[in-house]
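Below: run_16.cif (mmCIF, C-alpha atoms; chains and numbers go by the auth columns)
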data_start
#
loop_
_atom_site.group_PDB
_atom_site.id
_atom_site.type_symbol
_atom_site.label_atom_id
_atom_site.label_comp_id
_atom_site.label_asym_id
_atom_site.label_seq_id
_atom_site.Cartn_x
_atom_site.Cartn_y
_atom_site.Cartn_z
_atom_site.B_iso_or_equiv
_atom_site.auth_seq_id
_atom_site.auth_asym_id
ATOM 1 C CA MET A 1 -88.754 13.753 2.516 0.00 1 A
ATOM 2 C CA THR A 2 -88.087 10.166 1.700 0.00 2 A
ATOM 3 C CA GLU A 3 -86.211 7.930 4.031 0.00 3 A
ATOM 4 C CA GLY A 4 -84.284 6.002 1.363 0.00 4 A
ATOM 5 C CA ILE A 5 -82.033 3.066 2.077 0.00 5 A
ATOM 6 C CA GLN A 6 -79.732 3.197 5.037 0.00 6 A
ATOM 7 C CA ILE A 7 -76.895 0.811 5.747 0.00 7 A
ATOM 8 C CA ARG A 8 -75.451 0.655 9.209 0.00 8 A
ATOM 9 C CA ILE A 9 -72.333 -1.318 9.964 0.00 9 A
ATOM 10 C CA ASP A 10 -71.532 -2.426 13.461 0.00 10 A
ATOM 11 C CA GLY A 11 -67.738 -2.321 13.587 0.00 11 A
ATOM 12 C CA THR A 12 -67.423 -3.740 17.088 0.00 12 A
ATOM 13 C CA GLU A 13 -66.241 -7.175 15.963 0.00 13 A
ATOM 14 C CA ALA A 14 -63.944 -5.746 13.297 0.00 14 A
ATOM 15 C CA ASN A 15 -62.442 -3.323 15.829 0.00 15 A
ATOM 16 C CA ARG A 16 -61.825 -6.165 18.301 0.00 16 A
ATOM 17 C CA THR A 17 -60.066 -8.150 15.587 0.00 17 A
ATOM 18 C CA LEU A 18 -57.932 -5.175 14.571 0.00 18 A
ATOM 19 C CA GLU A 19 -57.016 -4.486 18.212 0.00 19 A
ATOM 20 C CA SER A 20 -55.947 -8.106 18.762 0.00 20 A
ATOM 21 C CA VAL A 21 -53.819 -8.011 15.590 0.00 21 A
ATOM 22 C CA GLN A 22 -52.246 -4.757 16.805 0.00 22 A
ATOM 23 C CA ARG A 23 -51.486 -6.259 20.251 0.00 23 A
ATOM 24 C CA ALA A 24 -49.871 -9.304 18.621 0.00 24 A
ATOM 25 C CA SER A 25 -47.784 -7.123 16.304 0.00 25 A
ATOM 26 C CA GLU A 26 -46.626 -4.916 19.200 0.00 26 A
ATOM 27 C CA ASN A 27 -45.263 -7.952 21.048 0.00 27 A
ATOM 28 C CA PRO A 28 -43.967 -10.318 18.332 0.00 28 A
ATOM 29 C CA ALA A 29 -41.695 -12.389 20.630 0.00 29 A
ATOM 30 C CA ALA A 30 -43.965 -15.454 20.497 0.00 30 A
ATOM 31 C CA ILE A 31 -44.170 -15.244 16.703 0.00 31 A
ATOM 32 C CA MET A 32 -40.384 -14.879 16.403 0.00 32 A
ATOM 33 C CA ALA A 33 -39.887 -17.910 18.660 0.00 33 A
ATOM 34 C CA GLN A 34 -41.919 -20.015 16.231 0.00 34 A
ATOM 35 C CA VAL A 35 -39.991 -18.569 13.280 0.00 35 A
ATOM 36 C CA SER A 36 -36.647 -19.437 14.928 0.00 36 A
ATOM 37 C CA ALA A 37 -37.874 -23.005 15.499 0.00 37 A
ATOM 38 C CA SER A 38 -38.711 -23.190 11.791 0.00 38 A
ATOM 39 C CA LEU A 39 -35.220 -21.848 10.945 0.00 39 A
ATOM 40 C CA LEU A 40 -33.667 -24.572 13.070 0.00 40 A
ATOM 41 C CA GLN A 41 -35.620 -27.292 11.268 0.00 41 A
ATOM 42 C CA ALA A 42 -34.647 -25.836 7.874 0.00 42 A
ATOM 43 C CA THR A 43 -30.967 -25.827 8.867 0.00 43 A
ATOM 44 C CA ARG A 44 -31.160 -29.438 10.039 0.00 44 A
ATOM 45 C CA ARG A 45 -32.704 -30.379 6.680 0.00 45 A
ATOM 46 C CA HIS A 46 -29.748 -28.747 4.923 0.00 46 A
ATOM 47 C CA PHE A 47 -27.415 -31.019 6.924 0.00 47 A
ATOM 48 C CA GLU A 48 -29.468 -34.097 6.120 0.00 48 A
ATOM 49 C CA ARG A 49 -29.644 -33.261 2.404 0.00 49 A
ATOM 50 C CA GLU A 50 -25.956 -32.250 2.354 0.00 50 A
ATOM 51 C CA SER A 51 -26.790 -29.296 0.161 0.00 51 A
ATOM 52 C CA GLY A 52 -26.194 -25.575 0.020 0.00 52 A
ATOM 53 C CA PRO A 53 -27.937 -22.770 -1.856 0.00 53 A
ATOM 54 C CA ASP A 54 -26.000 -23.671 -5.020 0.00 54 A
ATOM 55 C CA GLY A 55 -26.641 -27.426 -4.867 0.00 55 A
ATOM 56 C CA PRO A 56 -24.913 -30.441 -3.269 0.00 56 A
ATOM 57 C CA TRP A 57 -21.914 -29.795 -1.036 0.00 57 A
ATOM 58 C CA PRO A 58 -18.465 -30.530 -2.493 0.00 58 A
ATOM 59 C CA ARG A 59 -17.552 -34.173 -2.099 0.00 59 A
ATOM 60 C CA LEU A 60 -15.161 -35.200 0.667 0.00 60 A
ATOM 61 C CA SER A 61 -11.532 -35.663 -0.277 0.00 61 A
ATOM 62 C CA LEU A 62 -10.353 -39.231 -0.812 0.00 62 A
ATOM 63 C CA ARG A 63 -8.091 -38.900 2.228 0.00 63 A
ATOM 64 C CA THR A 64 -10.992 -37.889 4.462 0.00 64 A
ATOM 65 C CA ALA A 65 -13.279 -40.594 3.036 0.00 65 A
ATOM 66 C CA ASN A 66 -10.607 -43.241 3.690 0.00 66 A
ATOM 67 C CA LYS A 67 -10.162 -42.323 7.366 0.00 67 A
ATOM 68 C CA ARG A 68 -11.241 -45.061 9.664 0.00 68 A
ATOM 69 C CA ILE A 69 -14.059 -44.777 12.155 0.00 69 A
ATOM 70 C CA GLY A 70 -13.935 -47.669 14.499 0.00 70 A
ATOM 71 C CA LYS A 71 -13.449 -50.749 12.333 0.00 71 A
ATOM 72 C CA ARG A 72 -14.732 -49.365 9.038 0.00 72 A
ATOM 73 C CA ARG A 73 -13.845 -46.733 6.481 0.00 73 A
ATOM 74 C CA ARG A 74 -15.605 -43.409 6.924 0.00 74 A
ATOM 75 C CA GLY A 75 -16.789 -43.193 3.316 0.00 75 A
ATOM 76 C CA TYR A 76 -18.431 -40.253 1.581 0.00 76 A
ATOM 77 C CA ASP A 77 -21.704 -40.221 3.510 0.00 77 A
ATOM 78 C CA ASN A 78 -22.834 -38.037 6.404 0.00 78 A
ATOM 79 C CA MET A 79 -20.739 -34.962 5.717 0.00 79 A
ATOM 80 C CA LEU A 80 -20.467 -32.728 8.777 0.00 80 A
ATOM 81 C CA ARG A 81 -22.371 -35.350 10.819 0.00 81 A
ATOM 82 C CA VAL A 82 -19.918 -38.148 11.606 0.00 82 A
ATOM 83 C CA SER A 83 -19.501 -37.146 15.238 0.00 83 A
ATOM 84 C CA GLY A 84 -22.790 -35.228 15.288 0.00 84 A
ATOM 85 C CA ARG A 85 -21.108 -32.420 17.197 0.00 85 A
ATOM 86 C CA LEU A 86 -21.793 -29.578 14.744 0.00 86 A
ATOM 87 C CA TYR A 87 -25.305 -30.818 13.958 0.00 87 A
ATOM 88 C CA SER A 88 -26.218 -31.090 17.640 0.00 88 A
ATOM 89 C CA SER A 89 -24.620 -27.715 18.476 0.00 89 A
ATOM 90 C CA LEU A 90 -27.201 -25.844 16.396 0.00 90 A
ATOM 91 C CA ILE A 91 -29.192 -23.489 18.597 0.00 91 A
ATOM 92 C CA GLN A 92 -32.069 -21.121 18.034 0.00 92 A
ATOM 93 C CA ASP A 93 -32.769 -17.780 19.663 0.00 93 A
ATOM 94 C CA SER A 94 -35.411 -15.121 19.236 0.00 94 A
ATOM 95 C CA GLY A 95 -36.625 -11.835 20.611 0.00 95 A
ATOM 96 C CA ASP A 96 -39.073 -9.095 19.705 0.00 96 A
ATOM 97 C CA ASP A 97 -37.254 -8.212 16.502 0.00 97 A
ATOM 98 C CA TYR A 98 -35.129 -11.213 15.566 0.00 98 A
ATOM 99 C CA ALA A 99 -35.143 -14.951 14.990 0.00 99 A
ATOM 100 C CA LEU A 100 -31.855 -16.745 14.480 0.00 100 A
ATOM 101 C CA VAL A 101 -30.112 -20.082 14.338 0.00 101 A
ATOM 102 C CA GLY A 102 -26.397 -20.805 14.610 0.00 102 A
ATOM 103 C CA SER A 103 -23.600 -22.664 16.369 0.00 103 A
ATOM 104 C CA ASN A 104 -20.961 -21.560 18.859 0.00 104 A
ATOM 105 C CA LEU A 105 -18.397 -24.167 17.793 0.00 105 A
ATOM 106 C CA VAL A 106 -15.036 -22.729 16.774 0.00 106 A
ATOM 107 C CA TYR A 107 -15.020 -24.547 13.432 0.00 107 A
ATOM 108 C CA ALA A 108 -18.656 -23.823 12.495 0.00 108 A
ATOM 109 C CA ALA A 109 -17.770 -20.716 10.470 0.00 109 A
ATOM 110 C CA LEU A 110 -14.992 -22.583 8.634 0.00 110 A
ATOM 111 C CA GLN A 111 -17.461 -25.271 7.544 0.00 111 A
ATOM 112 C CA GLN A 112 -19.991 -22.624 6.474 0.00 112 A
ATOM 113 C CA GLU A 113 -17.579 -20.340 4.598 0.00 113 A
ATOM 114 C CA GLY A 114 -14.667 -22.650 3.746 0.00 114 A
ATOM 115 C CA GLY A 115 -11.071 -21.560 4.085 0.00 115 A
ATOM 116 C CA THR A 116 -7.437 -22.502 4.328 0.00 116 A
ATOM 117 C CA ILE A 117 -5.757 -23.594 7.549 0.00 117 A
ATOM 118 C CA GLN A 118 -2.009 -23.083 7.925 0.00 118 A
ATOM 119 C CA MET A 119 -0.651 -26.071 9.834 0.00 119 A
ATOM 120 C CA PRO A 120 2.773 -25.406 11.426 0.00 120 A
ATOM 121 C CA ALA A 121 5.579 -27.954 11.461 0.00 121 A
ATOM 122 C CA ARG A 122 5.403 -30.222 14.488 0.00 122 A
ATOM 123 C CA ASP A 123 6.649 -33.413 16.079 0.00 123 A
ATOM 124 C CA GLN A 124 4.049 -36.132 16.441 0.00 124 A
ATOM 125 C CA GLU A 125 4.100 -39.502 18.108 0.00 125 A
ATOM 126 C CA ILE A 126 2.839 -42.370 15.959 0.00 126 A
ATOM 127 C CA PHE A 127 2.052 -45.928 16.954 0.00 127 A
ATOM 128 C CA GLN A 128 2.686 -49.069 14.919 0.00 128 A
ATOM 129 C CA ASN A 129 3.269 -52.762 15.389 0.00 129 A
ATOM 130 C CA TYR A 130 6.754 -54.217 15.102 0.00 130 A
ATOM 131 C CA LYS A 131 7.018 -57.869 14.063 0.00 131 A
ATOM 132 C CA ALA A 132 10.220 -59.243 15.601 0.00 132 A
ATOM 133 C CA LYS A 133 10.172 -62.500 13.611 0.00 133 A
ATOM 134 C CA SER A 134 10.347 -60.710 10.277 0.00 134 A
ATOM 135 C CA ASP A 135 12.080 -57.580 11.659 0.00 135 A
ATOM 136 C CA ARG A 136 9.427 -55.401 9.943 0.00 136 A
ATOM 137 C CA PHE A 137 6.968 -52.715 10.844 0.00 137 A
ATOM 138 C CA ASP A 138 3.335 -53.061 9.945 0.00 138 A
ATOM 139 C CA PRO A 139 2.834 -49.857 7.867 0.00 139 A
ATOM 140 C CA ARG A 140 -0.602 -49.164 9.326 0.00 140 A
ATOM 141 C CA PHE A 141 -0.896 -46.702 12.182 0.00 141 A
ATOM 142 C CA ARG A 142 -2.508 -47.948 15.379 0.00 142 A
ATOM 143 C CA ARG A 143 -3.988 -46.533 18.500 0.00 143 A
ATOM 144 C CA ARG A 144 -1.648 -46.421 21.456 0.00 144 A
ATOM 145 C CA GLN A 145 -3.352 -49.342 23.182 0.00 145 A
ATOM 146 C CA ASN A 146 -3.178 -51.501 20.026 0.00 146 A
ATOM 147 C CA SER A 147 0.485 -50.968 19.246 0.00 147 A
ATOM 148 C CA ASN A 148 3.780 -52.333 20.514 0.00 148 A
ATOM 149 C CA PHE A 149 6.037 -49.604 19.126 0.00 149 A
ATOM 150 C CA ALA A 150 5.949 -45.795 19.293 0.00 150 A
ATOM 151 C CA ARG A 151 8.157 -43.257 17.614 0.00 151 A
ATOM 152 C CA THR A 152 8.249 -39.530 17.064 0.00 152 A
ATOM 153 C CA VAL A 153 8.176 -38.200 13.508 0.00 153 A
ATOM 154 C CA LYS A 154 8.454 -34.693 12.102 0.00 154 A
ATOM 155 C CA VAL A 155 5.452 -33.399 10.190 0.00 155 A
ATOM 156 C CA GLY A 156 6.272 -30.473 7.912 0.00 156 A
ATOM 157 C CA ALA A 157 4.303 -27.264 7.674 0.00 157 A
ATOM 158 C CA HIS A 158 1.398 -27.551 5.262 0.00 158 A
ATOM 159 C CA THR A 159 -1.992 -26.095 4.399 0.00 159 A
ATOM 160 C CA VAL A 160 -5.390 -27.734 4.568 0.00 160 A
ATOM 161 C CA THR A 161 -8.149 -26.345 2.344 0.00 161 A
ATOM 162 C CA VAL A 162 -11.693 -26.839 3.573 0.00 162 A
ATOM 163 C CA PRO A 163 -14.358 -26.213 0.921 0.00 163 A
ATOM 164 C CA ALA A 164 -17.438 -24.224 1.895 0.00 164 A
ATOM 165 C CA ARG A 165 -20.379 -26.378 2.875 0.00 165 A
ATOM 166 C CA PRO A 166 -23.020 -23.765 3.681 0.00 166 A
ATOM 167 C CA TYR A 167 -25.800 -24.913 5.968 0.00 167 A
ATOM 168 C CA LEU A 168 -27.037 -21.525 7.215 0.00 168 A
ATOM 169 C CA TYR A 169 -29.182 -20.162 4.386 0.00 169 A
ATOM 170 C CA LEU A 170 -32.791 -19.936 3.264 0.00 170 A
ATOM 171 C CA ASP A 171 -34.066 -21.343 -0.009 0.00 171 A
ATOM 172 C CA GLU A 172 -37.495 -20.602 -1.491 0.00 172 A
ATOM 173 C CA ALA A 173 -39.146 -23.551 0.299 0.00 173 A
ATOM 174 C CA ASP A 174 -37.683 -22.372 3.631 0.00 174 A
ATOM 175 C CA ARG A 175 -38.940 -18.814 3.017 0.00 175 A
ATOM 176 C CA ALA A 176 -42.437 -20.053 2.161 0.00 176 A
ATOM 177 C CA GLU A 177 -42.500 -22.221 5.287 0.00 177 A
ATOM 178 C CA ILE A 178 -41.364 -19.323 7.490 0.00 178 A
ATOM 179 C CA GLU A 179 -44.008 -17.028 5.999 0.00 179 A
ATOM 180 C CA ALA A 180 -46.669 -19.667 6.704 0.00 180 A
ATOM 181 C CA VAL A 181 -45.380 -20.192 10.259 0.00 181 A
ATOM 182 C CA ALA A 182 -45.391 -16.422 10.887 0.00 182 A
ATOM 183 C CA ALA A 183 -48.921 -16.041 9.453 0.00 183 A
ATOM 184 C CA ASP A 184 -50.236 -18.950 11.552 0.00 184 A
ATOM 185 C CA ALA A 185 -48.501 -17.604 14.662 0.00 185 A
ATOM 186 C CA LEU A 186 -49.978 -14.146 14.085 0.00 186 A
ATOM 187 C CA ARG A 187 -53.452 -15.678 13.687 0.00 187 A
ATOM 188 C CA ASP A 188 -52.935 -17.663 16.913 0.00 188 A
ATOM 189 C CA GLU A 189 -51.634 -14.632 18.848 0.00 189 A
ATOM 190 C CA ALA A 190 -54.464 -12.437 17.548 0.00 190 A
ATOM 191 C CA ASP A 191 -56.948 -15.219 18.321 0.00 191 A
ATOM 192 C CA LEU A 192 -58.249 -15.246 14.753 0.00 192 A
ATOM 193 C CA LYS A 193 -59.982 -18.330 13.454 0.00 193 A
#
Is it possible to express this structure as structure tokens?
Amino acid sequence: MTEGIQIRIDGTEANRTLESVQRASENPAAIMAQVSASLLQATRRHFERESGPDGPWPRLSLRTANKRIGKRRRGYDNMLRVSGRLYSSLIQDSGDDYALVGSNLVYAALQQEGGTIQMPARDQEIFQNYKAKSDRFDPRFRRRQNSNFARTVKVGAHTVTVPARPYLYLDEADRAEIEAVAADALRDEADLK
């Protein structure tokens, strides 16, 4: 009887690798934490690029762009980031089976989805300057501390339409980055080189 050729494979190293991958996949919390961090960065990029899944966000209305911030006009730049409140309210969370990013601000969903706000009629105090020499009002509105005349005016009921400016979405680049982050995290957790 001839001995022939025999091939023996030592599967010890392969089994160790498979066991470490299995352990990492049974407890994916660390991987999901890295994915949620990547989601947060993607969402911040959407703010900075002022773009949604269908392209650039709708331009601000002329009225909004003309509002004053301090001593200058607001302009059309930095949509959803003038005060920085929505941008800085973005949070991430993760667990064994989820990775998420979002905001708990009341108006966050309105900015994401758009909508119409019904404004009821109201009385509002406005502040102006009265020039006694010419017996005229300066037509510009002032802050209380910068005015010498206050009056109450009636503001009628009206609607305000806010266009959707989606910031919570994934584009192809975001998906590719998340897949790479998840693959790297799995390699790290499984201690694969």
Could you expand the PyMOL selection byres ((chain A and resi 129) around 10) into the explicit residues it covers here, written as a VMD selection string? chain A and resid 127 to 128 130 to 132 136 to 142 146 to 150
Hits of the PyMOL selection byres ((chain A and resi 115) around 6) in this structure, as number ranges by chain: A: 114, 116, 161-162
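The smallest atom-to-atom distance between Ala121 of chain A and any of A:Gln92, A:Lys133, A:Gly102, A:Gly156, using all atoms listed in the file, is found for A:Gly156.
Picked out by the PyMOL selection byres ((chain A and resi 160) around 12) when it runs on this file: Ser61, Arg63, Thr64, Leu110, Gly114, Gly115, Thr116, Ile117, Gln118, Met119, Pro120, Ala157, His158, Thr159, Thr161, Val162 and Pro163 of chain A.
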With a distance cut-off of 10 Å and all atoms listed in the file, select the neighbouring residues of Leu186 of chain A, excluding the residue or stretch itself and same-chain residues fewer than 6 positions from it, and output the selection as a count of residues only. 10
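Note that atom CA of Val106 of chain A and atom CA of Gln41 of chain A are 21.8 Å apart.
Among the candidate residues A:Arg165, A:Arg81, A:Arg16, A:Lys71, the one lying nearest to Glu48 of chain A is A:Arg81, with distances computed using all atoms listed in the file.
When only C-alpha atoms are used to measure the gap to Asp123 of chain A, the shortest distance among A:Arg151, A:Arg74, A:Arg175, A:Lys67 belongs to A:Arg151.
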From atom CA of Gln145 of chain A to atom CA of Ser83 of chain A the spacing works out at 21.7 Å
Between A:Ser38, A:Thr43, A:Gln22, A:Thr17, which residue has the minimum interatomic distance to Gln112 of chain A, considering only C-alpha atoms? A:Thr43
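By only C-alpha atoms, and with residues fewer than 2 positions from Val35 of chain A along its chain excluded, the set lying at most 9 Å from it is Ala30, Ile31, Met32, Ala33, Ala37, Ser38, Leu39, Leu40, Ser94, Ala99, Leu100, Ile178, Glu179, Val181, Ala182 and Ala185 of chain A.
Using all atoms listed in the file, the protein and nucleic acid residues lying no more than 12 Å from Ala164 of chain A, apart from those fewer than 3 places from it along its own chain, are A:Glu50, A:Ser51, A:Gly52, A:Pro53, A:Asp54, A:Gly55, A:Pro56, A:Trp57, A:Pro58, A:Arg59, A:Leu60, A:Met79, A:Leu80, A:Tyr107, A:Ala108, A:Ala109, A:Leu110, A:Gln111, A:Gln112, A:Glu113, A:Gly114, A:Gly115, A:Thr116, A:Thr161, A:Tyr167, A:Leu168.
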Write segment 153-175 of chain A as an mmCIF file, in the frame of the given file, completed to N, CA, C and O atoms.
data_model
loop_
_atom_site.group_PDB
_atom_site.id
_atom_site.type_symbol
_atom_site.label_atom_id
_atom_site.label_comp_id
_atom_site.auth_asym_id
_atom_site.auth_seq_id
_atom_site.Cartn_x
_atom_site.Cartn_y
_atom_site.Cartn_z
ATOM 1 N N VAL A 153 7.845 -38.590 14.875
ATOM 2 C CA VAL A 153 8.176 -38.200 13.508
ATOM 3 C C VAL A 153 7.963 -36.698 13.360
ATOM 4 O O VAL A 153 7.221 -36.083 14.118
ATOM 5 N N LYS A 154 8.623 -36.112 12.401
ATOM 6 C CA LYS A 154 8.454 -34.693 12.102
ATOM 7 C C LYS A 154 7.426 -34.562 10.985
ATOM 8 O O LYS A 154 7.528 -35.215 9.955
ATOM 9 N N VAL A 155 6.459 -33.696 11.200
ATOM 10 C CA VAL A 155 5.452 -33.399 10.190
ATOM 11 C C VAL A 155 5.724 -31.972 9.730
ATOM 12 O O VAL A 155 5.750 -31.042 10.536
ATOM 13 N N GLY A 156 5.956 -31.799 8.451
ATOM 14 C CA GLY A 156 6.272 -30.473 7.912
ATOM 15 C C GLY A 156 5.077 -29.548 7.899
ATOM 16 O O GLY A 156 3.923 -29.976 7.966
ATOM 17 N N ALA A 157 5.370 -28.262 7.786
ATOM 18 C CA ALA A 157 4.303 -27.264 7.674
ATOM 19 C C ALA A 157 3.527 -27.518 6.378
ATOM 20 O O ALA A 157 4.107 -27.880 5.363
ATOM 21 N N HIS A 158 2.230 -27.349 6.437
ATOM 22 C CA HIS A 158 1.398 -27.551 5.262
ATOM 23 C C HIS A 158 0.077 -26.803 5.421
ATOM 24 O O HIS A 158 -0.223 -26.290 6.498
ATOM 25 N N THR A 159 -0.680 -26.742 4.342
ATOM 26 C CA THR A 159 -1.992 -26.095 4.399
ATOM 27 C C THR A 159 -3.078 -27.129 4.151
ATOM 28 O O THR A 159 -2.873 -28.115 3.443
ATOM 29 N N VAL A 160 -4.208 -26.895 4.771
ATOM 30 C CA VAL A 160 -5.390 -27.734 4.568
ATOM 31 C C VAL A 160 -6.493 -26.809 4.060
ATOM 32 O O VAL A 160 -6.791 -25.794 4.684
ATOM 33 N N THR A 161 -7.064 -27.148 2.914
ATOM 34 C CA THR A 161 -8.149 -26.345 2.344
ATOM 35 C C THR A 161 -9.473 -27.047 2.619
ATOM 36 O O THR A 161 -9.654 -28.215 2.272
ATOM 37 N N VAL A 162 -10.365 -26.315 3.258
ATOM 38 C CA VAL A 162 -11.693 -26.839 3.573
ATOM 39 C C VAL A 162 -12.687 -26.130 2.659
ATOM 40 O O VAL A 162 -12.805 -24.903 2.711
ATOM 41 N N PRO A 163 -13.381 -26.872 1.796
ATOM 42 C CA PRO A 163 -14.358 -26.213 0.921
ATOM 43 C C PRO A 163 -15.575 -25.753 1.722
ATOM 44 O O PRO A 163 -15.910 -26.327 2.766
ATOM 45 N N ALA A 164 -16.219 -24.720 1.234
ATOM 46 C CA ALA A 164 -17.438 -24.224 1.895
ATOM 47 C C ALA A 164 -18.549 -25.250 1.757
ATOM 48 O O ALA A 164 -18.781 -25.796 0.679
ATOM 49 N N ARG A 165 -19.189 -25.526 2.860
ATOM 50 C CA ARG A 165 -20.379 -26.378 2.875
ATOM 51 C C ARG A 165 -21.458 -25.623 3.648
ATOM 52 O O ARG A 165 -21.713 -25.899 4.820
ATOM 53 N N PRO A 166 -22.070 -24.625 2.978
ATOM 54 C CA PRO A 166 -23.020 -23.765 3.681
ATOM 55 C C PRO A 166 -24.264 -24.514 4.142
ATOM 56 O O PRO A 166 -24.865 -25.263 3.386
ATOM 57 N N TYR A 167 -24.603 -24.301 5.386
ATOM 58 C CA TYR A 167 -25.800 -24.913 5.968
ATOM 59 C C TYR A 167 -26.732 -23.847 6.530
ATOM 60 O O TYR A 167 -27.895 -24.109 6.788
ATOM 61 N N LEU A 168 -26.225 -22.633 6.714
ATOM 62 C CA LEU A 168 -27.037 -21.525 7.215
ATOM 63 C C LEU A 168 -27.470 -20.653 6.034
ATOM 64 O O LEU A 168 -26.738 -19.772 5.588
ATOM 65 N N TYR A 169 -28.630 -20.930 5.498
ATOM 66 C CA TYR A 169 -29.182 -20.162 4.386
ATOM 67 C C TYR A 169 -30.668 -20.472 4.299
ATOM 68 O O TYR A 169 -31.160 -21.391 4.942
ATOM 69 N N LEU A 170 -31.370 -19.694 3.506
ATOM 70 C CA LEU A 170 -32.791 -19.936 3.264
ATOM 71 C C LEU A 170 -33.014 -20.106 1.767
ATOM 72 O O LEU A 170 -32.603 -19.261 0.979
ATOM 73 N N ASP A 171 -33.656 -21.188 1.378
ATOM 74 C CA ASP A 171 -34.066 -21.343 -0.009
ATOM 75 C C ASP A 171 -35.550 -20.951 -0.109
ATOM 76 O O ASP A 171 -36.160 -20.554 0.884
ATOM 77 N N GLU A 172 -36.109 -21.035 -1.292
ATOM 78 C CA GLU A 172 -37.495 -20.602 -1.491
ATOM 79 C C GLU A 172 -38.484 -21.411 -0.648
ATOM 80 O O GLU A 172 -39.435 -20.860 -0.101
ATOM 81 N N ALA A 173 -38.249 -22.714 -0.521
ATOM 82 C CA ALA A 173 -39.146 -23.551 0.299
ATOM 83 C C ALA A 173 -39.073 -23.134 1.766
ATOM 84 O O ALA A 173 -40.091 -23.087 2.458
ATOM 85 N N ASP A 174 -37.850 -22.824 2.243
ATOM 86 C CA ASP A 174 -37.683 -22.372 3.631
ATOM 87 C C ASP A 174 -38.415 -21.052 3.851
ATOM 88 O O ASP A 174 -39.097 -20.872 4.867
ATOM 89 N N ARG A 175 -38.275 -20.120 2.899
ATOM 90 C CA ARG A 175 -38.940 -18.814 3.017
ATOM 91 C C ARG A 175 -40.461 -18.988 3.064
ATOM 92 O O ARG A 175 -41.138 -18.354 3.880
#
